[in-house]
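Encoded as structure tokens, the structure appears first; notes follow it.
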Amino acid sequence: MSRRADAAPQRDSPGGADDLTHLEGQGTVQVYMSPSPSTVSFPPTDTPVIPTGAMPAAPADEAALSAEARLCVLREMMSEAFLCLDAHGRIREVNGRAAALLGVPAQELQGQEPWTAEPALAGTVLHERLMAALSTREGGRFLAELPSRVWLDVNVRVVGEETWVLAADITRRQRAESEVARTEERFRQLGERFQVALDSAQMAVWETNVATGQVFRSEGHDRLYGYPHPLAEWTHERFIESLHPDDRPAVQTQLNDIAAGKTDSYVSTFRTHWPDGSWHWLTSRARVLRDATGKVMVVRGALLDITALKETEFALQEAVRTRDDFLSLASHELRTPLTSLRLQAQLLRRLAEGQPQETLGSPKVQGKLDTTERQLRRLGALVDNLLDVSRIRTGKLDFHFADGDLAAVVADLVARFGDEARHTGVPLSAKVDGPMEGRFDRLRLEQVVSNLLSNALRYGAGNPVSLSLTRHGDKAKLTVCDSGPGVPVKDRERIFERFTQGDNARRQGGMGLGLYIVRQIVEAHGGHIHVEDTPGGGATFAVELPL
């Protein structure tokens, strides 16, 4: 019989159902129909067969062996299991390897169905596929697992009225492939978890092969440079071009030190320019791998986005500067009325000691008491502002809304400030339309009007101050106008921030809290405050409130 190295099953040849050739391929011996004219005759079902497992004694002349004896010898020499089933699925021939796999002596298998001789086979893939082959008279190849957990590569071939089954034990290969698959799955899961960790921390890893110029980078690497999707390639030139001009020399110095063998690790912090025009902070930690001669082969590192950290750092630095400025300013502002109060108290004491005839109702005493009262009011306003800022920051600035006449509130405040305006020599005029019924917090709106009038009298450089309250549909508009140096356009929004003052305000004093508190109160009433252009100079603060 001839042998051919062919892994694929062959179709039945036209030579007849009794022609055969033994095929050895992929570690198995496969039986298929041969187109050669040589034939081998098989005994009919009732013809005695050579007992399987009992190899015939070798005669002096091996050429004298019959074809059946040669076939029996060959079956027993195969490392594969071999079964020959008749049209009813009963075993006609079986070799020792098949009997060993089934765990049943070969003599007991003769004339039985495999799943009858070994009931554990019933319902398995091997059982189902062999039954399908017996029914359809079509062969095929498949993998099957025995109850003993042995994996077989099964090749089924229909030969005339018989069905030949050749099975190779591939348990080791199957287990190795399963272990490889499990290992690959574990690595895949680890990779996914690692990538999730990198993305959560806004990190990426990279590796540059200096010899080949190739750059490996993790999935999120390009996002740290502002690209929503990975680029086709990443180059050293692209990295250098993305750096901020002020950071580029320091990074280049580190790269030069690596090339010169001065360092094997480094930490670099730099700004990178995103395609959308924004700048972001990154920090890179890397190690250098060299060959035996000290030549750089690989640079491997991790990249972290620290933009939020830097912004927080800058904000904290600004907060510290603001705090220091505020403490300096507050100590000065609080000291001023306290110094004045101390001075007035000393003057009153001297007046009482040197001029005992002066009574509390005398003009001199009254003047000192008026000055004392003004300083106390100023001190009280400073303390109230500090308390209000603290309440605003904690969201506890209280409001008590009630129905009332806004015009009456404004007119009352103008009357109160009349004495202070006369004392400072500033003409104060007012035009109040009324009545204007609305729902508001009276004390808080008094605070708004008081702050605006106080600022106008303080910063108006002694020039006239005017106030007006008018109705515009369902809104009331309050304007306070002075004739001072005015507010530059660039400062018209900034002056409403905490601890912020214009250049003129710094010269006049104050803690930069009044306008901040005014805006919070106005916005809590659903209104809006802004600075308007003033014809002829000065500053006009306009407040719009819903009625």
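How things are named: the first chain in the structure tokens is A, the next is B, and so on; residues count from 1 in each chain; ligands count from 1 in the order shown.
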Would you pick out the contacts of A:Pro546 at 8 Å or less, using only C-alpha atoms, so that residues sharing its chain but fewer than 6 positions from it are not included, and give the list as a ChimeraX atom specification? /A:438,474-476,525-527
Writer output for current selection, N, CA and C atoms, as a PDB file, in the first residue's frame:
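Below you can see selection_19.pdb, which holds the result:
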ATOM      1  N   GLY A 438     -42.646  96.612  45.519  1.00  0.00           N
ATOM      2  CA  GLY A 438     -41.943  95.391  45.139  1.00  0.00           C
ATOM      3  C   GLY A 438     -41.741  94.501  46.344  1.00  0.00           C
ATOM      4  N   ASP A 474     -41.465  96.787  34.080  1.00  0.00           N
ATOM      5  CA  ASP A 474     -41.598  96.027  35.317  1.00  0.00           C
ATOM      6  C   ASP A 474     -40.294  95.990  36.094  1.00  0.00           C
ATOM      7  N   LYS A 475     -39.404  96.935  35.827  1.00  0.00           N
ATOM      8  CA  LYS A 475     -38.119  97.007  36.524  1.00  0.00           C
ATOM      9  C   LYS A 475     -37.896  98.397  37.087  1.00  0.00           C
ATOM     10  N   ALA A 476     -37.129  98.429  38.163  1.00  0.00           N
ATOM     11  CA  ALA A 476     -36.695  99.696  38.748  1.00  0.00           C
ATOM     12  C   ALA A 476     -35.212  99.858  38.480  1.00  0.00           C
ATOM     13  N   HIS A 525     -31.650  89.225  44.520  1.00  0.00           N
ATOM     14  CA  HIS A 525     -32.974  89.802  44.269  1.00  0.00           C
ATOM     15  C   HIS A 525     -33.403  89.638  42.804  1.00  0.00           C
ATOM     16  N   GLY A 526     -32.596  88.914  42.011  1.00  0.00           N
ATOM     17  CA  GLY A 526     -32.929  88.724  40.605  1.00  0.00           C
ATOM     18  C   GLY A 526     -32.552  89.907  39.743  1.00  0.00           C
ATOM     19  N   GLY A 527     -31.677  90.777  40.251  1.00  0.00           N
ATOM     20  CA  GLY A 527     -31.296  91.978  39.524  1.00  0.00           C
ATOM     21  C   GLY A 527     -29.904  91.899  38.932  1.00  0.00           C
TER      22      GLY A 527
END
For A:Leu255, find every residue with an atom within 12 Å (counting only C-alpha atoms), except residues of its own chain fewer than 2 positions away, and show them as a list in words.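 Within the cut-off, the hits are His236, Ile240, Arg248, Pro249, Ala250, Val251, Gln252, Thr253, Asp257, Ile258, Ala259, Ala260, Gly261, Lys262, Thr263, Asp264, Ser265, Tyr266, Val267, Ser268, Ala286, Arg287, Val288, Val296 and Val299 of chain A.
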List every residue of stretch 44-177 of chain A that DSSP, applied to the backbone, labels as alpha helix (DSSP H), and write the result as number ranges by chain. A: 67-77, 96-102, 106-109, 114-117, 125-136, 171-177
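Closest approach to A:Gly367 from the set A:Gln344, A:Val210, A:Val487, A:Ala98 is made by A:Gln344, with distances taken over only C-alpha atoms.
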Mind running stretch 143-212 of chain A against stretch 101-124 of chain A at 9 Å and telling me each contacting residue's nearest atom pair with the distance in Å (one decimal), counting only C-alpha atoms, chain and number ascending, as JSON lines?
{"residue": "A:Ala144", "atom": "CA", "partner": "A:Thr124", "partner_atom": "CA", "distance": 8.0}
{"residue": "A:Glu145", "atom": "CA", "partner": "A:Thr124", "partner_atom": "CA", "distance": 7.8}
{"residue": "A:Leu146", "atom": "CA", "partner": "A:Leu121", "partner_atom": "CA", "distance": 7.1}
{"residue": "A:Pro147", "atom": "CA", "partner": "A:Ala120", "partner_atom": "CA", "distance": 6.5}
{"residue": "A:Ser148", "atom": "CA", "partner": "A:Leu101", "partner_atom": "CA", "distance": 8.5}
{"residue": "A:Val150", "atom": "CA", "partner": "A:Leu101", "partner_atom": "CA", "distance": 8.2}
For A:His280, work out the shell of residues within 12 Å, counting only C-alpha atoms and skipping chain neighbours fewer than 2 positions away, then give it as number ranges by chain. A: 223-226, 242-244, 269-278, 282-283, 304-311
Mind giving me the straight-line distance from atom CA of A:Ser450 to atom CA of A:Gly514 in Å, one decimal? 9.6 Å
Residue nearest A:Val73 - candidates A:Ala345, A:Leu190, A:Ala292, A:Val94, atoms counted: only C-alpha atoms: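 Residue with the minimum atom-to-atom distance to A:Val73: A:Val94.
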Using atom CA of A:Arg471 and atom CA of A:Asp405 as the two end points, give the distance in Å to one decimal. 12.5 Å
Test item, strand (DSSP E) assignment across stretch 129-361 of chain A, answer as a PyMOL selection string: chain A and resi 140-145+151-159+162-169+203-209+215-217+265-273+279-290+296-305
One-decimal distance in Å that lies between atom CA of A:Asn455 and atom CA of A:Ile521: 16.6 Å
From the list A:Met436, A:Leu134, A:Gly486, A:Leu445, the nearest residue to A:Gly473 using only C-alpha atoms is A:Met436
Taking only C-alpha atoms into account, which of A:Arg422, A:Arg300, A:Arg444, A:Lys431 comes nearest A:Ser466?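 Ranking A:Arg422, A:Arg300, A:Arg444, A:Lys431 by distance to A:Ser466, first place goes to A:Lys431.
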